[in-house]
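> Sharing work04.csv below, CSV, C-alpha atoms:
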chain,number,residue,atom,x,y,z
C,1,MET,CA,-30.7,-2.9,-5.6
C,2,GLY,CA,-31.6,-6.4,-4.3
C,3,ASP,CA,-30.0,-8.3,-1.5
C,4,ASP,CA,-28.1,-10.4,-3.9
C,5,ALA,CA,-26.4,-7.4,-5.5
C,6,PRO,CA,-22.7,-7.1,-5.0
C,7,SER,CA,-21.4,-4.7,-2.4
C,8,VAL,CA,-19.4,-1.6,-3.3
C,9,ARG,CA,-16.2,-3.4,-2.1
C,10,GLU,CA,-17.0,-6.5,-4.2
C,11,LEU,CA,-17.6,-4.3,-7.3
C,12,ALA,CA,-14.4,-2.3,-6.6
C,13,ASP,CA,-12.4,-5.6,-6.4
C,14,GLN,CA,-13.9,-6.7,-9.7
C,15,VAL,CA,-13.0,-3.5,-11.3
C,16,ALA,CA,-9.4,-3.8,-9.9
C,17,ALA,CA,-9.1,-7.4,-11.2
C,18,ALA,CA,-10.3,-6.3,-14.7
C,19,PHE,CA,-7.9,-3.3,-14.8
C,20,VAL,CA,-4.9,-5.1,-13.2
C,21,HIS,CA,-5.1,-8.3,-15.2
C,22,ARG,CA,-2.5,-11.0,-15.7
C,23,LEU,CA,-0.6,-9.1,-18.4
C,24,PHE,CA,-0.5,-5.8,-16.4
C,25,PRO,CA,1.5,-3.6,-16.6
C,26,SER,CA,3.0,-4.8,-19.9
C,27,LEU,CA,-0.4,-4.7,-21.6
C,28,ARG,CA,-2.9,-2.2,-20.3
C,29,SER,CA,-5.0,0.1,-22.4
C,30,PRO,CA,-6.2,3.3,-20.9
C,31,ALA,CA,-9.7,3.0,-19.3
C,32,TYR,CA,-12.4,5.2,-17.8
C,33,LEU,CA,-14.5,4.5,-14.8
C,34,ALA,CA,-17.6,6.3,-13.5
C,35,GLY,CA,-18.2,5.8,-9.8
C,36,PRO,CA,-21.7,6.9,-9.0
C,37,ASN,CA,-20.5,8.6,-5.8
C,38,ASP,CA,-17.3,9.4,-3.8
C,39,GLU,CA,-17.5,6.2,-1.8
C,40,CYS,CA,-17.5,4.0,-4.9
C,41,ALA,CA,-14.7,6.0,-6.5
C,42,ASP,CA,-12.6,5.9,-3.3
C,43,ARG,CA,-13.0,2.1,-3.0
C,44,CYS,CA,-12.1,1.6,-6.7
C,45,ARG,CA,-9.0,3.8,-6.4
C,46,PHE,CA,-7.9,1.9,-3.3
C,47,ALA,CA,-8.5,-1.5,-4.8
C,48,ILE,CA,-6.8,-0.7,-8.1
C,49,ALA,CA,-3.8,0.9,-6.3
C,50,ARG,CA,-3.5,-2.1,-4.0
C,51,ALA,CA,-3.6,-4.5,-7.0
C,52,ALA,CA,-1.1,-2.4,-9.0
C,53,SER,CA,1.3,-2.3,-6.0
C,54,LYS,CA,1.3,-6.1,-6.0
C,55,ARG,CA,2.7,-5.8,-9.6
C,56,ARG,CA,5.3,-3.3,-8.4
C,57,VAL,CA,3.5,-0.4,-10.1
C,58,LYS,CA,3.2,2.9,-8.2
C,59,THR,CA,0.0,4.8,-8.3
C,60,GLU,CA,-0.5,8.5,-8.4
C,61,VAL,CA,-3.9,10.0,-8.0
C,62,VAL,CA,-4.5,13.5,-9.4
C,63,ASP,CA,-7.7,15.2,-8.3
C,64,LEU,CA,-8.7,17.4,-11.2
C,65,ARG,CA,-11.9,18.6,-9.6
C,66,PRO,CA,-10.7,21.9,-8.1
C,67,ALA,CA,-9.5,23.2,-11.5
C,68,PRO,CA,-9.8,20.6,-14.2
C,69,ALA,CA,-8.3,22.5,-17.2
C,70,ALA,CA,-5.4,23.8,-15.3
C,71,ARG,CA,-4.6,20.5,-13.6
C,72,LEU,CA,-4.8,18.6,-16.9
C,73,ASP,CA,-2.5,21.2,-18.5
C,74,SER,CA,0.0,20.5,-15.7
C,75,ILE,CA,-0.2,16.7,-16.4
C,76,THR,CA,0.3,17.4,-20.1
C,77,ALA,CA,3.4,19.5,-19.4
C,78,ARG,CA,4.9,16.6,-17.4
C,79,LEU,CA,4.6,14.2,-20.4
C,80,ARG,CA,7.7,14.0,-22.5
C,81,ASP,CA,7.1,14.7,-26.2
C,82,ILE,CA,7.6,11.7,-28.4
C,83,ASN,CA,10.1,13.8,-30.4
C,84,ASP,CA,12.2,14.2,-27.3
C,85,ARG,CA,12.9,10.5,-27.1
C,86,THR,CA,15.8,8.6,-28.5
C,87,ASN,CA,15.9,5.0,-29.5
C,88,ASP,CA,18.3,4.2,-26.7
C,89,ASP,CA,16.1,5.8,-24.0
C,90,LYS,CA,15.5,3.4,-21.1
C,91,HIS,CA,11.9,3.3,-20.3
C,92,PRO,CA,11.2,3.4,-16.6
C,93,TRP,CA,8.7,1.0,-14.9
C,94,PRO,CA,5.4,2.7,-15.5
C,95,THR,CA,3.4,4.7,-13.0
C,96,LEU,CA,-0.4,4.3,-12.9
C,97,LEU,CA,-1.9,7.8,-13.2
C,98,ILE,CA,-5.5,8.0,-12.0
C,99,LEU,CA,-7.1,11.3,-13.1
C,100,ASP,CA,-10.2,11.8,-10.9
C,101,GLY,CA,-12.7,14.4,-12.0
C,102,PHE,CA,-12.0,13.8,-15.6
C,103,ASP,CA,-15.7,14.1,-16.5
C,104,LEU,CA,-15.6,17.8,-15.6
C,105,LEU,CA,-13.5,18.4,-18.7
C,106,GLU,CA,-16.5,17.5,-20.9
C,107,GLY,CA,-18.2,20.4,-22.7
C,108,SER,CA,-17.4,23.1,-25.2
C,109,LYS,CA,-15.8,25.4,-22.5
C,110,ASN,CA,-13.4,22.6,-21.4
C,111,ASP,CA,-12.4,20.8,-24.6
C,112,ALA,CA,-9.3,22.9,-25.2
C,113,PRO,CA,-7.0,21.2,-22.7
C,114,THR,CA,-7.9,17.7,-24.0
C,115,PHE,CA,-6.4,18.4,-27.5
C,116,PRO,CA,-2.7,18.8,-26.4
C,117,PHE,CA,-3.2,16.1,-23.7
C,118,ARG,CA,-4.3,13.6,-26.3
C,119,SER,CA,-1.4,14.3,-28.6
C,120,ARG,CA,1.0,13.6,-25.7
C,121,PHE,CA,-0.6,10.9,-23.6
C,122,GLN,CA,-1.3,8.5,-26.5
C,123,PHE,CA,2.5,8.1,-27.0
C,124,ASP,CA,3.5,8.1,-23.4
C,125,ARG,CA,5.2,4.9,-22.2
C,126,GLU,CA,5.9,6.1,-18.7
C,127,HIS,CA,2.3,5.9,-17.4
C,128,LEU,CA,-0.7,3.7,-17.3
C,129,TRP,CA,-3.9,5.7,-17.5
C,130,LEU,CA,-7.2,5.5,-15.6
C,131,PHE,CA,-9.7,8.4,-16.1
C,132,MET,CA,-12.3,8.6,-13.4
C,133,GLY,CA,-15.4,10.7,-12.8
C,134,ARG,CA,-18.9,10.6,-11.4
C,135,ASP,CA,-20.9,11.2,-14.6
C,136,LEU,CA,-20.9,8.3,-17.0
C,137,LYS,CA,-22.8,10.2,-19.6
C,138,ARG,CA,-20.0,12.8,-19.8
C,139,LEU,CA,-17.3,10.2,-19.8
C,140,ARG,CA,-19.0,8.3,-22.6
C,141,ARG,CA,-19.4,11.4,-24.7
C,142,MET,CA,-15.7,12.3,-24.2
C,143,PHE,CA,-14.4,8.9,-25.2
C,144,GLY,CA,-17.2,8.0,-27.6
C,145,ASP,CA,-17.9,11.0,-29.8
C,146,HIS,CA,-15.8,11.0,-33.0
C,147,ARG,CA,-15.8,14.8,-33.1
C,148,LEU,CA,-14.0,15.1,-29.8
C,149,PRO,CA,-10.2,14.7,-29.3
C,150,LEU,CA,-10.4,11.7,-26.9
C,151,TYR,CA,-12.4,9.5,-29.2
C,152,LEU,CA,-11.6,5.9,-28.6
C,153,ALA,CA,-8.7,6.9,-26.3
C,154,ALA,CA,-9.9,4.7,-23.4
C,155,SER,CA,-12.3,1.9,-22.8
C,156,ASN,CA,-15.2,1.8,-20.3
C,157,ILE,CA,-14.6,-0.4,-17.2
C,158,THR,CA,-17.6,0.9,-15.2
C,159,PRO,CA,-19.4,-2.1,-13.7
C,160,GLU,CA,-22.8,-2.9,-15.3
C,161,LEU,CA,-24.6,-2.3,-12.0
C,162,TRP,CA,-23.3,1.3,-11.9
C,163,ARG,CA,-24.1,1.8,-15.6
C,164,ALA,CA,-27.7,0.7,-14.9
C,165,GLN,CA,-27.9,2.9,-11.8
C,166,SER,CA,-26.8,5.9,-13.7
C,167,LYS,CA,-29.6,5.3,-16.2
C,168,VAL,CA,-32.2,4.9,-13.4
C,169,PHE,CA,-31.2,8.2,-11.8
C,170,GLY,CA,-31.1,10.1,-15.1
C,171,LYS,CA,-27.3,10.4,-15.2
C,172,ASP,CA,-26.9,8.5,-18.5
C,173,SER,CA,-28.7,8.0,-21.7
C,174,ALA,CA,-29.2,4.6,-23.3
C,175,ALA,CA,-26.2,2.9,-24.7
C,176,ARG,CA,-25.5,3.6,-28.4
For this file, produce the structure as C-alpha coordinates.

Amino acid sequence: MGDDAPSVRELADQVAAAFVHRLFPSLRSPAYLAGPNDECADRCRFAIARAASKRRVKTEVVDLRPAPAARLDSITARLRDINDRTNDDKHPWPTLLILDGFDLLEGSKNDAPTFPFRSRFQFDREHLWLFMGRDLKRLRRMFGDHRLPLYLAASNITPELWRAQSKVFGKDSAAR
(Lines of atoms letter the chains of each structure in order from A and count residues from 1; the text may use other names and numbers.)
(Lines give C-alpha, C1' and ligand atoms only; values in the text may rest on other atoms or scores of the structure.)
Protein backbone atom coordinates (compact mmCIF):
# COMPACT_ATOMS: atom_id res chain seq x y z
CA MET A 1 0.00 0.00 0.00
CA GLY A 2 1.51 3.33 -1.07
CA ASP A 3 1.64 6.59 0.81
CA ASP A 4 -1.23 7.96 -1.26
CA ALA A 5 -3.56 5.09 -0.27
CA PRO A 6 -6.51 6.13 1.87
CA SER A 7 -6.38 5.40 5.58
CA VAL A 8 -8.66 2.87 7.25
CA ARG A 9 -10.71 5.75 8.67
CA GLU A 10 -11.07 7.37 5.24
CA LEU A 11 -12.18 4.07 3.71
CA ALA A 12 -14.63 3.50 6.56
CA ASP A 13 -16.08 6.98 6.01
CA GLN A 14 -16.41 6.24 2.28
CA VAL A 15 -18.21 2.97 3.03
CA ALA A 16 -20.54 4.75 5.44
CA ALA A 17 -21.31 7.46 2.87
CA ALA A 18 -22.10 4.82 0.25
CA PHE A 19 -24.31 2.82 2.60
CA VAL A 20 -26.06 5.76 4.28
CA HIS A 21 -26.77 7.73 1.12
CA ARG A 22 -29.18 10.64 0.60
CA LEU A 23 -32.26 8.38 0.32
CA PHE A 24 -31.40 6.36 3.43
CA PRO A 25 -33.36 4.83 5.17
CA SER A 26 -36.27 4.95 2.72
CA LEU A 27 -34.21 3.30 0.02
CA ARG A 28 -31.46 0.99 1.16
CA SER A 29 -30.83 -2.43 -0.27
CA PRO A 30 -29.10 -5.04 1.87
CA ALA A 31 -25.33 -5.04 1.46
CA TYR A 32 -22.30 -7.04 2.50
CA LEU A 33 -18.88 -5.82 3.50
CA ALA A 34 -15.63 -7.70 4.01
CA GLY A 35 -13.25 -5.96 6.36
CA PRO A 36 -9.77 -7.48 6.00
CA ASN A 37 -9.27 -7.40 9.78
CA ASP A 38 -11.02 -6.48 13.02
CA GLU A 39 -9.77 -2.88 13.00
CA CYS A 40 -11.25 -2.22 9.56
CA ALA A 41 -14.52 -3.89 10.51
CA ASP A 42 -14.74 -1.92 13.77
CA ARG A 43 -14.09 1.39 12.01
CA CYS A 44 -16.72 0.63 9.37
CA ARG A 45 -19.33 -0.37 11.95
CA PHE A 46 -18.66 2.82 13.91
CA ALA A 47 -18.77 5.08 10.83
CA ILE A 48 -21.96 3.47 9.52
CA ALA A 49 -23.68 3.61 12.93
CA ARG A 50 -22.70 7.26 13.31
CA ALA A 51 -24.02 8.14 9.84
CA ALA A 52 -27.23 6.16 10.46
CA SER A 53 -27.84 7.90 13.79
CA LYS A 54 -27.73 11.26 12.01
CA ARG A 55 -30.71 9.93 10.02
CA ARG A 56 -32.49 8.87 13.25
CA VAL A 57 -31.83 5.18 12.56
CA LYS A 58 -30.76 3.02 15.48
CA THR A 59 -28.07 0.43 14.86
CA GLU A 60 -27.86 -3.00 16.41
CA VAL A 61 -24.72 -5.08 15.95
CA VAL A 62 -25.05 -8.83 16.31
CA ASP A 63 -21.79 -10.74 16.54
CA LEU A 64 -22.50 -14.11 14.97
CA ARG A 65 -18.94 -15.38 15.40
CA PRO A 66 -19.30 -17.36 18.64
CA ALA A 67 -22.13 -19.53 17.25
CA PRO A 68 -23.11 -18.41 13.73
CA ALA A 69 -25.96 -20.85 13.04
CA ALA A 70 -27.61 -20.50 16.45
CA ARG A 71 -27.34 -16.72 16.44
CA LEU A 72 -28.74 -16.45 12.90
CA ASP A 73 -31.63 -18.71 13.97
CA SER A 74 -32.37 -16.30 16.84
CA ILE A 75 -32.40 -13.35 14.39
CA THR A 76 -34.73 -15.28 12.08
CA ALA A 77 -37.07 -16.00 14.99
CA ARG A 78 -37.30 -12.26 15.73
CA LEU A 79 -38.50 -11.42 12.23
CA ARG A 80 -42.22 -11.27 11.81
CA ASP A 81 -43.57 -13.53 9.14
CA ILE A 82 -45.08 -11.65 6.21
CA ASN A 83 -48.29 -13.64 6.78
CA ASP A 84 -48.55 -12.13 10.29
CA ARG A 85 -48.85 -8.61 8.92
CA THR A 86 -52.06 -6.82 8.20
CA ASN A 87 -52.57 -3.98 5.76
CA ASP A 88 -53.15 -1.48 8.55
CA ASP A 89 -49.94 -2.39 10.39
CA LYS A 90 -47.91 0.68 11.23
CA HIS A 91 -44.35 0.09 10.20
CA PRO A 92 -41.88 1.38 12.77
CA TRP A 93 -38.82 3.41 11.84
CA PRO A 94 -36.32 0.76 10.75
CA THR A 95 -33.36 -0.41 12.76
CA LEU A 96 -30.07 -1.09 11.01
CA LEU A 97 -29.00 -4.63 11.81
CA ILE A 98 -25.31 -5.35 11.27
CA LEU A 99 -24.62 -9.07 11.34
CA ASP A 100 -20.88 -9.49 11.90
CA GLY A 101 -19.28 -12.84 11.21
CA PHE A 102 -21.79 -13.65 8.48
CA ASP A 103 -19.05 -15.21 6.33
CA LEU A 104 -18.81 -18.05 8.87
CA LEU A 105 -22.19 -19.31 7.68
CA GLU A 106 -20.73 -20.22 4.29
CA GLY A 107 -20.27 -23.89 3.55
CA SER A 108 -22.27 -27.08 3.35
CA LYS A 109 -22.34 -27.53 7.14
CA ASN A 110 -23.72 -24.04 7.70
CA ASP A 111 -26.16 -23.48 4.82
CA ALA A 112 -29.23 -24.74 6.71
CA PRO A 113 -29.88 -21.59 8.81
CA THR A 114 -29.67 -19.34 5.74
CA PHE A 115 -32.74 -20.91 4.09
CA PRO A 116 -35.33 -19.83 6.72
CA PHE A 117 -33.48 -16.54 7.21
CA ARG A 118 -33.80 -15.65 3.51
CA SER A 119 -37.51 -16.42 3.47
CA ARG A 120 -38.08 -14.01 6.37
CA PHE A 121 -35.55 -11.24 5.95
CA GLN A 122 -36.34 -10.45 2.32
CA PHE A 123 -39.85 -9.30 3.29
CA ASP A 124 -38.87 -7.60 6.53
CA ARG A 125 -39.67 -3.87 6.66
CA GLU A 126 -38.49 -3.27 10.20
CA HIS A 127 -34.76 -3.60 9.55
CA LEU A 128 -32.04 -2.44 7.21
CA TRP A 129 -29.38 -5.07 6.65
CA LEU A 130 -25.59 -5.09 6.55
CA PHE A 131 -23.80 -8.43 6.48
CA MET A 132 -20.16 -8.28 7.56
CA GLY A 133 -17.30 -10.71 7.63
CA ARG A 134 -13.56 -10.94 7.17
CA ASP A 135 -13.47 -13.33 4.19
CA LEU A 136 -14.56 -11.72 0.93
CA LYS A 137 -14.40 -15.00 -0.98
CA ARG A 138 -16.94 -16.60 1.34
CA LEU A 139 -19.27 -13.60 1.27
CA ARG A 140 -19.10 -13.44 -2.53
CA ARG A 141 -19.95 -17.12 -2.76
CA MET A 142 -22.89 -16.77 -0.35
CA PHE A 143 -24.44 -13.86 -2.24
CA GLY A 144 -23.22 -14.70 -5.73
CA ASP A 145 -23.84 -18.42 -6.20
CA HIS A 146 -27.23 -19.14 -7.78
CA ARG A 147 -27.36 -22.52 -6.02
CA LEU A 148 -27.30 -20.93 -2.56
CA PRO A 149 -30.27 -19.40 -0.73
CA LEU A 150 -28.81 -15.90 -0.40
CA TYR A 151 -28.17 -15.45 -4.13
CA LEU A 152 -28.44 -11.73 -5.03
CA ALA A 153 -29.85 -10.93 -1.57
CA ALA A 154 -27.20 -8.24 -0.95
CA SER A 155 -24.74 -6.14 -2.91
CA ASN A 156 -21.01 -5.87 -2.25
CA ILE A 157 -19.88 -2.54 -0.73
CA THR A 158 -16.34 -3.65 0.11
CA PRO A 159 -13.90 -0.90 -0.95
CA GLU A 160 -11.79 -1.72 -4.01
CA LEU A 161 -8.57 -1.46 -1.98
CA TRP A 162 -9.75 -4.20 0.40
CA ARG A 163 -10.93 -6.33 -2.53
CA ALA A 164 -7.49 -6.04 -4.08
CA GLN A 165 -5.77 -6.79 -0.77
CA SER A 166 -7.81 -9.95 -0.28
CA LYS A 167 -6.62 -11.18 -3.70
CA VAL A 168 -2.99 -10.40 -2.89
CA PHE A 169 -3.14 -12.32 0.39
CA GLY A 170 -4.93 -15.26 -1.19
CA LYS A 171 -8.27 -14.62 0.52
CA ASP A 172 -10.20 -14.13 -2.69
CA SER A 173 -10.33 -15.43 -6.19
CA ALA A 174 -10.54 -13.26 -9.26
CA ALA A 175 -13.85 -11.53 -9.84
CA ARG A 176 -16.31 -13.39 -12.00
> So that each row is one residue of region 57-175 of chain C with an atom at most 9 Å from region 33-46 of chain C, can you give its shortest atom pair and the distance in Å to one decimal, using only C-alpha atoms, rows by chain and rising number, as CSV?

residue,atom,partner,partner_atom,distance
C:Val61,CA,C:Arg45,CA,8.2
C:Ile98,CA,C:Arg45,CA,7.8
C:Asp100,CA,C:Ala41,CA,8.6
C:Asp103,CA,C:Ala34,CA,8.6
C:Leu130,CA,C:Leu33,CA,7.4
C:Phe131,CA,C:Leu33,CA,6.3
C:Met132,CA,C:Leu33,CA,4.9
C:Gly133,CA,C:Ala34,CA,5.0
C:Arg134,CA,C:Ala34,CA,5.0
C:Asp135,CA,C:Ala34,CA,6.0
C:Leu136,CA,C:Ala34,CA,5.2
C:Lys137,CA,C:Ala34,CA,8.9
C:Leu139,CA,C:Ala34,CA,7.4
C:Ser155,CA,C:Leu33,CA,8.7
C:Asn156,CA,C:Leu33,CA,6.2
C:Ile157,CA,C:Leu33,CA,5.5
C:Thr158,CA,C:Leu33,CA,4.8
C:Pro159,CA,C:Leu33,CA,8.3
C:Trp162,CA,C:Pro36,CA,6.5
C:Arg163,CA,C:Ala34,CA,8.2
C:Gln165,CA,C:Pro36,CA,7.9
C:Ser166,CA,C:Pro36,CA,7.0
> Find the residues near Glu106 (chain C): any atom within 10 Å, counting only C-alpha atoms, skip ones fewer than 6 places away on the same chain, and give them as a ChimeraX atom specification.
/C:68,112,114,135,137-143,148
> Could you check how far CA of Ile48 (chain C) sits from CA of Gly101 (chain C), in Å to one decimal?
16.7 Å
> Counting only C-alpha atoms, which residue out of C:Leu11, C:Gly144, C:Leu104, C:Ala154 sits closest to Leu64 (chain C)?
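Comparing C:Leu11, C:Gly144, C:Leu104, C:Ala154 against Leu64 (chain C), the winner is C:Leu104.
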> For Leu97 (chain C), which residue out of C:Pro116, C:Asp111, C:Ala70, C:Glu126 is the nearest one, using only C-alpha atoms?
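Among C:Pro116, C:Asp111, C:Ala70, C:Glu126, it is C:Glu126 that comes nearest to Leu97 (chain C).
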> Can you work out the spacing between CA of Ala31 (chain C) and CA of Leu99 (chain C) in Å, to one decimal?
10.7 Å
> Go through C:Leu161, C:Ala67, C:Val20, C:Leu105 one by one, measure the shortest atom-to-atom distance of each to Ser7 (chain C) using all atoms listed in the file, and give the residue with the smallest value.
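Using all atoms listed in the file, Ser7 (chain C) sits closest to C:Leu161.
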> So, with only C-alpha atoms as the atoms that count, which of C:Tyr151, C:Tyr32, C:Trp93, C:Phe117 lies closest to Arg71 (chain C)?
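Closest to Arg71 (chain C), using only C-alpha atoms: C:Phe117.
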> Find the residue from C:Ala153, C:Asp145, C:Gly107, C:Trp129 that sits nearest to Leu27 (chain C); use all atoms listed in the file when measuring.
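The shortest atom-to-atom distance to Leu27 (chain C) comes from C:Trp129.
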